[in-house]
$ cat input01.txt   # compact mmCIF, C-alpha atoms
# COMPACT_ATOMS: atom_id res chain seq x y z
CA MET A 1406 -26.12 46.81 -44.56
CA ILE A 1407 -22.86 44.95 -44.01
CA ASN A 1408 -24.80 41.83 -43.13
CA ASN A 1409 -26.76 42.15 -46.39
CA ALA A 1410 -23.56 42.50 -48.40
CA LEU A 1411 -22.06 39.40 -46.83
CA LYS A 1412 -25.17 37.24 -46.70
CA HIS A 1413 -26.93 38.02 -49.95
CA ALA A 1414 -24.40 39.64 -52.26
CA GLN A 1415 -21.43 37.35 -51.55
CA ALA A 1416 -19.21 40.40 -51.37
CA THR A 1417 -15.50 39.90 -50.69
CA GLU A 1418 -14.78 43.57 -50.12
CA ILE A 1419 -16.80 46.23 -48.35
CA ASN A 1420 -15.82 49.87 -48.19
CA ILE A 1421 -17.31 51.96 -45.42
CA GLN A 1422 -16.73 55.65 -45.33
CA LEU A 1423 -18.04 58.25 -42.96
CA VAL A 1424 -17.97 61.89 -43.96
CA GLN A 1425 -18.51 64.23 -41.06
CA GLU A 1426 -19.03 67.96 -41.28
CA PRO A 1427 -20.33 70.44 -38.70
CA GLU A 1428 -23.89 70.26 -40.01
CA ARG A 1429 -24.13 66.85 -41.61
CA VAL A 1430 -22.95 63.27 -41.45
CA SER A 1431 -22.95 60.90 -44.40
CA LEU A 1432 -22.23 57.19 -44.39
CA THR A 1433 -21.48 55.20 -47.54
CA VAL A 1434 -21.32 51.41 -47.64
CA GLN A 1435 -20.14 49.97 -50.93
CA ASP A 1436 -19.63 46.31 -51.71
CA ASN A 1437 -18.22 44.34 -54.64
CA GLY A 1438 -20.91 41.66 -54.50
CA LYS A 1439 -23.16 40.38 -57.24
CA GLY A 1440 -25.35 43.49 -57.27
CA PHE A 1441 -28.94 43.61 -58.47
CA ASN A 1442 -31.18 45.27 -60.98
CA MET A 1443 -32.63 48.41 -59.45
CA ASN A 1444 -35.93 47.80 -61.27
CA ASP A 1445 -36.34 44.48 -59.46
CA ILE A 1446 -36.08 46.09 -56.07
CA ASP A 1447 -39.08 47.50 -54.35
CA VAL A 1448 -37.85 49.14 -51.21
CA ASN A 1449 -41.31 48.87 -49.69
CA LYS A 1450 -41.47 45.13 -50.26
CA SER A 1451 -37.94 44.04 -49.37
CA SER A 1452 -38.04 43.69 -45.60
CA GLY A 1453 -34.31 44.39 -45.08
CA LEU A 1454 -34.34 47.60 -47.08
CA ARG A 1455 -37.70 48.65 -45.66
CA ASN A 1456 -36.26 48.22 -42.20
CA ILE A 1457 -33.23 50.36 -43.02
CA ARG A 1458 -35.34 53.01 -44.70
CA SER A 1459 -37.91 53.26 -41.93
CA ARG A 1460 -35.21 53.66 -39.30
CA ILE A 1461 -33.51 56.38 -41.34
CA ASP A 1462 -36.85 58.10 -42.00
CA SER A 1463 -37.70 58.13 -38.32
CA LEU A 1464 -34.41 59.92 -37.64
CA GLY A 1465 -35.04 62.43 -40.42
CA GLY A 1466 -32.24 61.15 -42.64
CA HIS A 1467 -31.94 60.56 -46.37
CA PHE A 1468 -31.23 57.16 -47.90
CA SER A 1469 -30.15 56.27 -51.40
CA ILE A 1470 -29.20 53.01 -53.02
CA ASP A 1471 -27.47 52.19 -56.27
CA SER A 1472 -26.63 48.90 -57.88
CA GLU A 1473 -26.24 47.07 -61.17
CA VAL A 1474 -26.00 43.34 -61.77
CA GLY A 1475 -22.33 42.37 -61.43
CA GLN A 1476 -21.32 45.82 -60.23
CA GLY A 1477 -21.84 45.57 -56.48
CA ALA A 1478 -24.08 47.88 -54.51
CA GLU A 1479 -23.72 51.19 -52.84
CA MET A 1480 -25.86 52.70 -50.10
CA THR A 1481 -25.56 56.22 -48.81
CA ILE A 1482 -27.19 57.69 -45.75
CA GLU A 1483 -27.17 61.34 -44.83
CA PHE A 1484 -28.25 63.04 -41.64
CA GLY A 1485 -28.36 66.69 -40.73
CA VAL A 1486 -26.71 67.40 -37.39
CA LYS A 1487 -28.12 69.99 -35.06
CA PRO A 1488 -25.51 71.89 -33.06
CA LEU A 1489 -25.66 71.04 -29.35
CA MET B 297 20.83 85.58 -36.85
CA ILE B 298 18.66 82.65 -35.82
CA LYS B 299 20.16 80.92 -32.77
CA VAL B 300 20.05 77.13 -33.12
CA PHE B 301 20.40 74.53 -30.34
CA ILE B 302 20.40 70.79 -31.05
CA ILE B 303 19.35 67.86 -28.86
CA GLU B 304 21.00 64.83 -30.42
CA ASP B 305 23.12 61.94 -29.17
CA HIS B 306 25.31 61.32 -32.23
CA PRO B 307 28.45 63.55 -32.36
CA ILE B 308 28.70 63.24 -36.15
CA VAL B 309 25.21 64.69 -36.57
CA ILE B 310 25.95 67.50 -34.10
CA ASP B 311 29.13 68.38 -36.04
CA GLY B 312 27.36 68.23 -39.38
CA ILE B 313 24.54 70.47 -38.21
CA LYS B 314 27.01 72.90 -36.62
CA THR B 315 28.85 73.33 -39.92
CA LEU B 316 25.64 73.52 -41.93
CA VAL B 317 24.08 76.14 -39.65
CA ASN B 318 27.18 78.31 -39.28
CA ASP B 319 27.87 78.22 -43.03
CA SER B 320 24.31 79.25 -43.87
CA GLY B 321 24.97 82.90 -43.03
CA ILE B 322 21.49 83.27 -41.56
CA ALA B 323 21.74 81.08 -38.49
CA GLU B 324 24.19 80.48 -35.69
CA PHE B 325 24.91 77.24 -33.81
CA ILE B 326 24.85 78.01 -30.07
CA GLY B 327 25.01 74.62 -28.41
CA PHE B 328 23.93 71.03 -28.01
CA ALA B 329 22.75 68.43 -25.50
CA LYS B 330 23.22 64.69 -25.90
CA THR B 331 20.47 63.61 -23.54
CA ALA B 332 17.03 64.86 -22.53
CA ALA B 333 18.20 65.49 -18.95
CA GLU B 334 21.14 67.57 -20.15
CA SER B 335 18.94 69.56 -22.49
CA LEU B 336 16.49 70.45 -19.71
CA LYS B 337 19.39 71.78 -17.63
CA LEU B 338 20.92 73.77 -20.47
CA LEU B 339 17.65 75.20 -21.72
CA THR B 340 17.03 77.03 -18.44
CA SER B 341 19.53 79.67 -19.54
CA THR B 342 19.37 79.40 -23.30
CA SER B 343 19.12 82.20 -25.81
CA ALA B 344 18.08 79.78 -28.56
CA ASP B 345 15.35 80.57 -31.09
CA VAL B 346 15.11 77.14 -32.68
CA ILE B 347 15.62 73.70 -31.13
CA LEU B 348 16.48 70.79 -33.41
CA LEU B 349 15.14 67.74 -31.62
CA ASP B 350 15.98 64.10 -32.26
CA ILE B 351 13.32 61.47 -31.46
CA ASN B 352 15.61 58.61 -30.49
CA LEU B 353 17.39 59.87 -27.37
CA PRO B 354 19.12 57.65 -24.79
CA ASP B 355 17.12 58.68 -21.72
CA MET B 356 13.71 59.75 -23.03
CA SER B 357 11.72 59.77 -26.23
CA GLY B 358 12.05 63.01 -28.18
CA ILE B 359 8.25 62.96 -28.51
CA GLU B 360 7.87 63.22 -24.75
CA LEU B 361 10.69 65.72 -24.44
CA CYS B 362 9.04 67.87 -27.09
CA LYS B 363 5.94 68.19 -24.91
CA ILE B 364 8.00 69.14 -21.84
CA ILE B 365 10.10 71.74 -23.67
CA HIS B 366 7.03 73.20 -25.37
CA SER B 367 5.15 73.62 -22.10
CA LYS B 368 8.16 75.08 -20.24
CA TYR B 369 9.44 77.29 -23.04
CA PRO B 370 6.57 78.00 -25.43
CA GLN B 371 8.62 80.72 -27.15
CA LEU B 372 11.14 78.13 -28.44
CA LYS B 373 10.43 76.84 -31.92
CA ILE B 374 10.97 73.09 -32.07
CA LEU B 375 11.94 71.39 -35.32
CA ALA B 376 12.07 67.58 -35.22
CA LEU B 377 15.23 66.26 -36.89
CA THR B 378 15.04 62.50 -37.17
CA THR B 379 15.54 59.44 -39.34
CA PHE B 380 11.95 58.24 -38.80
CA LEU B 381 9.80 58.54 -41.91
CA GLN B 382 6.67 57.56 -40.01
CA ARG B 383 3.32 59.31 -40.05
CA ASP B 384 2.49 58.59 -36.38
CA PHE B 385 5.76 60.17 -35.24
CA VAL B 386 5.08 63.27 -37.35
CA ASP B 387 1.57 63.60 -35.91
CA LYS B 388 2.78 63.08 -32.32
CA MET B 389 5.59 65.62 -32.61
CA LEU B 390 3.28 68.27 -34.07
CA GLU B 391 0.67 67.47 -31.44
CA ASN B 392 3.30 67.93 -28.73
CA GLY B 393 4.26 71.39 -29.92
CA ALA B 394 6.84 70.92 -32.68
CA MET B 395 6.55 73.45 -35.50
CA GLY B 396 8.18 71.24 -38.07
CA TYR B 397 9.55 67.82 -39.01
CA VAL B 398 12.67 67.25 -41.10
CA LEU B 399 14.49 64.04 -41.94
CA LYS B 400 18.21 63.76 -41.28
CA ASN B 401 18.81 62.70 -44.88
CA ALA B 402 17.11 65.84 -46.23
CA PRO B 403 19.34 68.14 -48.31
CA GLY B 404 21.14 70.80 -46.24
CA GLU B 405 19.15 73.63 -47.85
CA GLU B 406 15.93 71.98 -46.78
CA ILE B 407 17.09 71.76 -43.17
CA ILE B 408 18.08 75.44 -43.24
CA ASP B 409 14.76 76.27 -44.90
CA GLY B 410 13.01 74.43 -42.04
CA ILE B 411 14.99 76.34 -39.41
CA CYS B 412 14.11 79.69 -41.02
CA THR B 413 10.43 78.81 -41.45
CA VAL B 414 9.86 77.74 -37.85
CA ALA B 415 11.93 80.68 -36.56
CA GLU B 416 9.45 82.97 -38.29
CA GLY B 417 6.55 81.13 -36.69
CA GLY B 418 5.59 78.99 -39.68
CA LYS B 419 5.09 75.25 -39.95
CA PHE B 420 7.57 73.16 -41.90
CA ILE B 421 7.28 69.60 -43.13
CA CYS B 422 10.08 68.31 -45.35
CA GLU B 423 9.37 67.09 -48.87
CA ALA B 424 9.76 63.35 -48.14
CA VAL B 425 7.28 63.51 -45.25
CA ASN B 426 4.85 65.60 -47.30
CA LEU B 427 4.91 62.97 -50.03
CA LEU B 428 4.28 60.21 -47.50
CA ILE B 429 1.30 62.08 -46.02
CA LYS B 430 -0.16 62.76 -49.47
CA LYS B 431 0.24 59.14 -50.51
CA GLN B 432 -1.32 57.75 -47.32
CA ASP B 433 -4.25 60.19 -47.45
CA ASN B 434 -4.86 59.13 -51.01
CA ASP B 435 -4.55 55.42 -50.23
CA THR B 436 -7.07 55.47 -47.41
CA MET B 437 -9.66 57.41 -49.38
CA PHE B 438 -11.88 55.76 -51.93
CA LEU B 439 -14.47 57.17 -54.27
CA SER B 440 -17.46 54.97 -54.93
CA ARG B 441 -18.71 54.04 -58.38
CA ARG B 442 -21.60 56.51 -58.02
CA GLU B 443 -19.29 59.28 -56.86
CA ILE B 444 -17.03 58.81 -59.89
CA GLN B 445 -20.08 58.85 -62.21
CA ILE B 446 -21.26 62.10 -60.64
CA LEU B 447 -17.77 63.60 -60.74
CA SER B 448 -17.55 62.89 -64.47
CA LEU B 449 -20.94 64.51 -65.09
CA ILE B 450 -19.98 67.58 -63.04
CA ALA B 451 -16.77 67.84 -65.09
CA ALA B 452 -18.84 67.57 -68.28
CA GLY B 453 -20.75 70.66 -67.12
CA ASP B 454 -24.05 69.05 -66.11
CA THR B 455 -26.19 70.75 -63.49
CA THR B 456 -27.42 68.93 -60.39
CA LYS B 457 -30.86 68.54 -61.99
CA GLU B 458 -29.37 67.15 -65.22
CA ILE B 459 -27.24 64.67 -63.27
CA ALA B 460 -30.27 63.57 -61.25
CA ASP B 461 -32.28 63.00 -64.45
CA LYS B 462 -29.48 61.10 -66.18
CA LEU B 463 -28.85 58.76 -63.26
CA PHE B 464 -32.53 58.40 -62.26
CA ILE B 465 -31.86 59.63 -58.76
CA SER B 466 -33.19 62.55 -56.76
CA VAL B 467 -31.63 65.99 -56.74
CA PHE B 468 -31.14 65.51 -53.00
CA THR B 469 -29.04 62.39 -53.59
CA VAL B 470 -26.88 64.21 -56.13
CA GLU B 471 -26.36 66.97 -53.57
CA THR B 472 -25.32 64.43 -50.91
CA HIS B 473 -22.71 62.96 -53.25
CA ARG B 474 -21.54 66.41 -54.32
CA LYS B 475 -21.02 67.50 -50.70
CA ASN B 476 -19.22 64.23 -49.88
CA LEU B 477 -16.94 64.69 -52.90
CA LEU B 478 -16.00 68.22 -51.82
CA THR B 479 -15.16 66.99 -48.30
CA LYS B 480 -13.38 63.80 -49.35
CA LEU B 481 -11.19 65.50 -51.93
CA ASN B 482 -10.68 68.50 -49.66
CA ALA B 483 -11.87 70.88 -52.39
CA ARG B 484 -13.10 74.41 -51.69
CA ASN B 485 -15.39 74.66 -54.70
CA MET B 486 -16.40 72.82 -57.87
CA VAL B 487 -13.48 74.17 -59.92
CA SER B 488 -10.89 72.90 -57.44
CA LEU B 489 -12.87 69.65 -57.10
CA ILE B 490 -12.49 68.92 -60.81
CA LYS B 491 -8.82 69.90 -60.77
CA ILE B 492 -8.06 67.57 -57.82
CA ALA B 493 -10.11 64.74 -59.39
CA MET B 494 -8.05 65.09 -62.59
CA ASP B 495 -4.75 65.24 -60.64
CA TYR B 496 -5.67 61.98 -58.89
CA LYS B 497 -6.85 60.50 -62.22
CA TYR B 498 -10.38 59.84 -60.97
CA ILE B 499 -11.68 61.32 -64.21

$ encode --input "input01.txt" --output "structure tokens"
Amino acid sequence: MINNALKHAQATEINIQLVQEPERVSLTVQDNGKGFNMNDIDVNKSSGLRNIRSRIDSLGGHFSIDSEVGQGAEMTIEFGVKPL
Amino acid sequence: MIKVFIIEDHPIVIDGIKTLVNDSGIAEFIGFAKTAAESLKLLTSTSADVILLDINLPDMSGIELCKIIHSKYPQLKILALTTFLQRDFVDKMLENGAMGYVLKNAPGEEIIDGICTVAEGGKFICEAVNLLIKKQDNDTMFLSRREIQILSLIAAGDTTKEIADKLFISVFTVETHRKNLLTKLNARNMVSLIKIAMDYKYI
């Protein structure tokens, strides 16, 4: 995700935040890059996003993405954590 | 009377604390040590309740000494008294068993307040340090664009389903953001979440 922000979005700032709770972990990556129109993105066709999504799916996580042209992009991943 | 012992290498500070404590009417100054080694000798027979501990001592760091005193005499309540307004020192002292942290330039009443609070078993952090911690916590935390959008909609009274419909996202995604917001802003419920968000001017 960071690679995407640097390579494709020409972001100069990337915020990464991990929220950890006993039963869940959530990771947010937000950049200030050029952003994109959500309607132009087909997660199943874009190989980078498809790769991210399939890896998250295989681990039982949830993935969401939000962007607007000129507004940067924001991706959030959430996983449930099973107690050991 | 709360019995107070100070570990401090500057005579002027020892004298000032002695006067402050004895004039308070609720505490009594019972002694001092100017080095860590001296303090460890004197503490073997002390009747102190509260130890005021400097960080910058000539023979050992007060942070290290704090750990030693706390493990040897767990009944003693240690209150750090220092000039260092530094978050890492505060964290280290509390980690090593101190019950409180007060700056030497704090008003006298605040130092006495700290002595009383730790004597009763409470934790005490002086106002200046509290402000520093609050500011740093706020500086290192960011809310994303989406989180602020969702926060505003929650404040406007929208339900999770309504927010999901308005933003064209799934209910599950709204829930993820909502849970993250509660954790990030350290809010217990939605009412306190909105209050904190307004205090920090996020909405």

$ atom_distance --input "input01.txt" --atom1 "CA of Leu428 in chain B" --atom2 "CA of Tyr496 in chain B"
15.2 Å

$ residues_around --input "input01.txt" --residues "range 457-470 of chain B" --least-positions-apart "4" --cutoff "10 Å" --atoms "only C-alpha atoms" --output "list in words"
His1467, Phe1468, Ser1469, Ile1470, Asp1471, Thr1481, Ile1482 and Glu1483 of chain A; Arg442, Glu443, Gln445, Ile446, Leu447, Ser448, Leu449, Ile450, Gly453, Arg474, Lys475 and Asn476 of chain B

$ atom_distance --input "input01.txt" --atom1 "CA of Ile1446 in chain A" --atom2 "CA of Gln1422 in chain A"
24.1 Å

$ closest_atom_pairs --input "input01.txt" --of "chain A" --to "chain B" --cutoff "10 Å" --atoms "all atoms listed in the file" --output "tab-separated table"
residue	atom	partner	partner_atom	distance
A:Asn1420	CA	B:Phe438	CA	8.0
A:Ile1421	CA	B:Phe438	CA	9.3
A:Gln1422	CA	B:Phe438	CA	8.2
A:Leu1423	CA	B:Asn476	CA	9.2
A:Val1424	CA	B:Asn476	CA	6.5
A:Gln1425	CA	B:Thr479	CA	8.4
A:Glu1426	CA	B:Thr479	CA	8.1
A:Arg1429	CA	B:Lys475	CA	9.6
A:Val1430	CA	B:Asn476	CA	9.3
A:Ser1431	CA	B:Asn476	CA	7.4
A:Leu1432	CA	B:Asn476	CA	9.4
A:Thr1433	CA	B:Ser440	CA	8.4
A:Val1434	CA	B:Ser440	CA	9.0
A:Gln1435	CA	B:Ser440	CA	6.9
A:Asp1436	CA	B:Ser440	CA	9.5
A:His1467	CA	B:Thr469	CA	8.0
A:Phe1468	CA	B:Thr469	CA	8.0
A:Ser1469	CA	B:Thr469	CA	6.6
A:Ile1470	CA	B:Ile465	CA	9.2
A:Asp1471	CA	B:Arg442	CA	7.5
A:Ser1472	CA	B:Arg442	CA	9.1
A:Gln1476	CA	B:Arg441	CA	8.8
A:Gly1477	CA	B:Arg441	CA	9.2
A:Ala1478	CA	B:Arg441	CA	9.0
A:Glu1479	CA	B:Ser440	CA	7.6
A:Met1480	CA	B:Arg442	CA	9.8
A:Thr1481	CA	B:Thr472	CA	8.5
A:Ile1482	CA	B:Thr472	CA	8.7
A:Glu1483	CA	B:Thr472	CA	7.1
A:Phe1484	CA	B:Thr472	CA	9.8

$ residues_around --input "input01.txt" --residues "Glu1428 in chain A" --least-positions-apart "2" --cutoff "7 Å" --atoms "only C-alpha atoms" --output "number ranges by chain"
A: 1426, 1485-1487

$ closest_residue --input "input01.txt" --among "B:Asn482, B:Ser320, B:Thr331, B:Thr378" --to "Ile411 in chain B" --atoms "only C-alpha atoms"
B:Ser320

$ atom_distance --input "input01.txt" --atom1 "CA of Thr455 in chain B" --atom2 "CA of Met486 in chain B"
11.5 Å

$ closest_residue --input "input01.txt" --among "A:Ser1451, A:Ile1407, A:His1413, A:Gly1475" --to "Asn1437 in chain A" --atoms "all atoms listed in the file"
A:Gly1475

$ residues_around --input "input01.txt" --residues "Cys422 in chain B" --least-positions-apart "2" --cutoff "8 Å" --atoms "only C-alpha atoms" --output "PyMOL selection string"
chain B and resi 397-399+402+406+410+420+424-426

$ closest_residue --input "input01.txt" --among "A:Val1474, A:Met1406, A:Ile1461, A:Leu1411" --to "Met1443 in chain A" --atoms "only C-alpha atoms"
A:Val1474

$ residues_around --input "input01.txt" --residues "Gly1438 in chain A" --least-positions-apart "4" --cutoff "6 Å" --atoms "all atoms listed in the file" --output "PDB file with C-alpha atoms, in the frame of the given file"
ATOM      1  CA  ALA A1414     -24.400  39.640 -52.260  1.00  0.00           C
ATOM      2  CA  GLN A1415     -21.430  37.350 -51.550  1.00  0.00           C
ATOM      3  CA  ALA A1416     -19.210  40.400 -51.370  1.00  0.00           C
ATOM      4  CA  GLY A1477     -21.840  45.570 -56.480  1.00  0.00           C
TER       5      GLY A1477
END

$ closest_residue --input "input01.txt" --among "B:Ile364, B:Leu338, B:Ile499, B:Leu348" --to "Ile407 in chain B" --atoms "all atoms listed in the file"
B:Leu348

$ residues_around --input "input01.txt" --residues "range 301-318 of chain B" --least-positions-apart "6" --cutoff "10 Å" --atoms "only C-alpha atoms" --output "PyMOL selection string"
chain B and resi 324-332+334-336+338-339+342-354+358+361+374-378+400+404-405+407-408+411
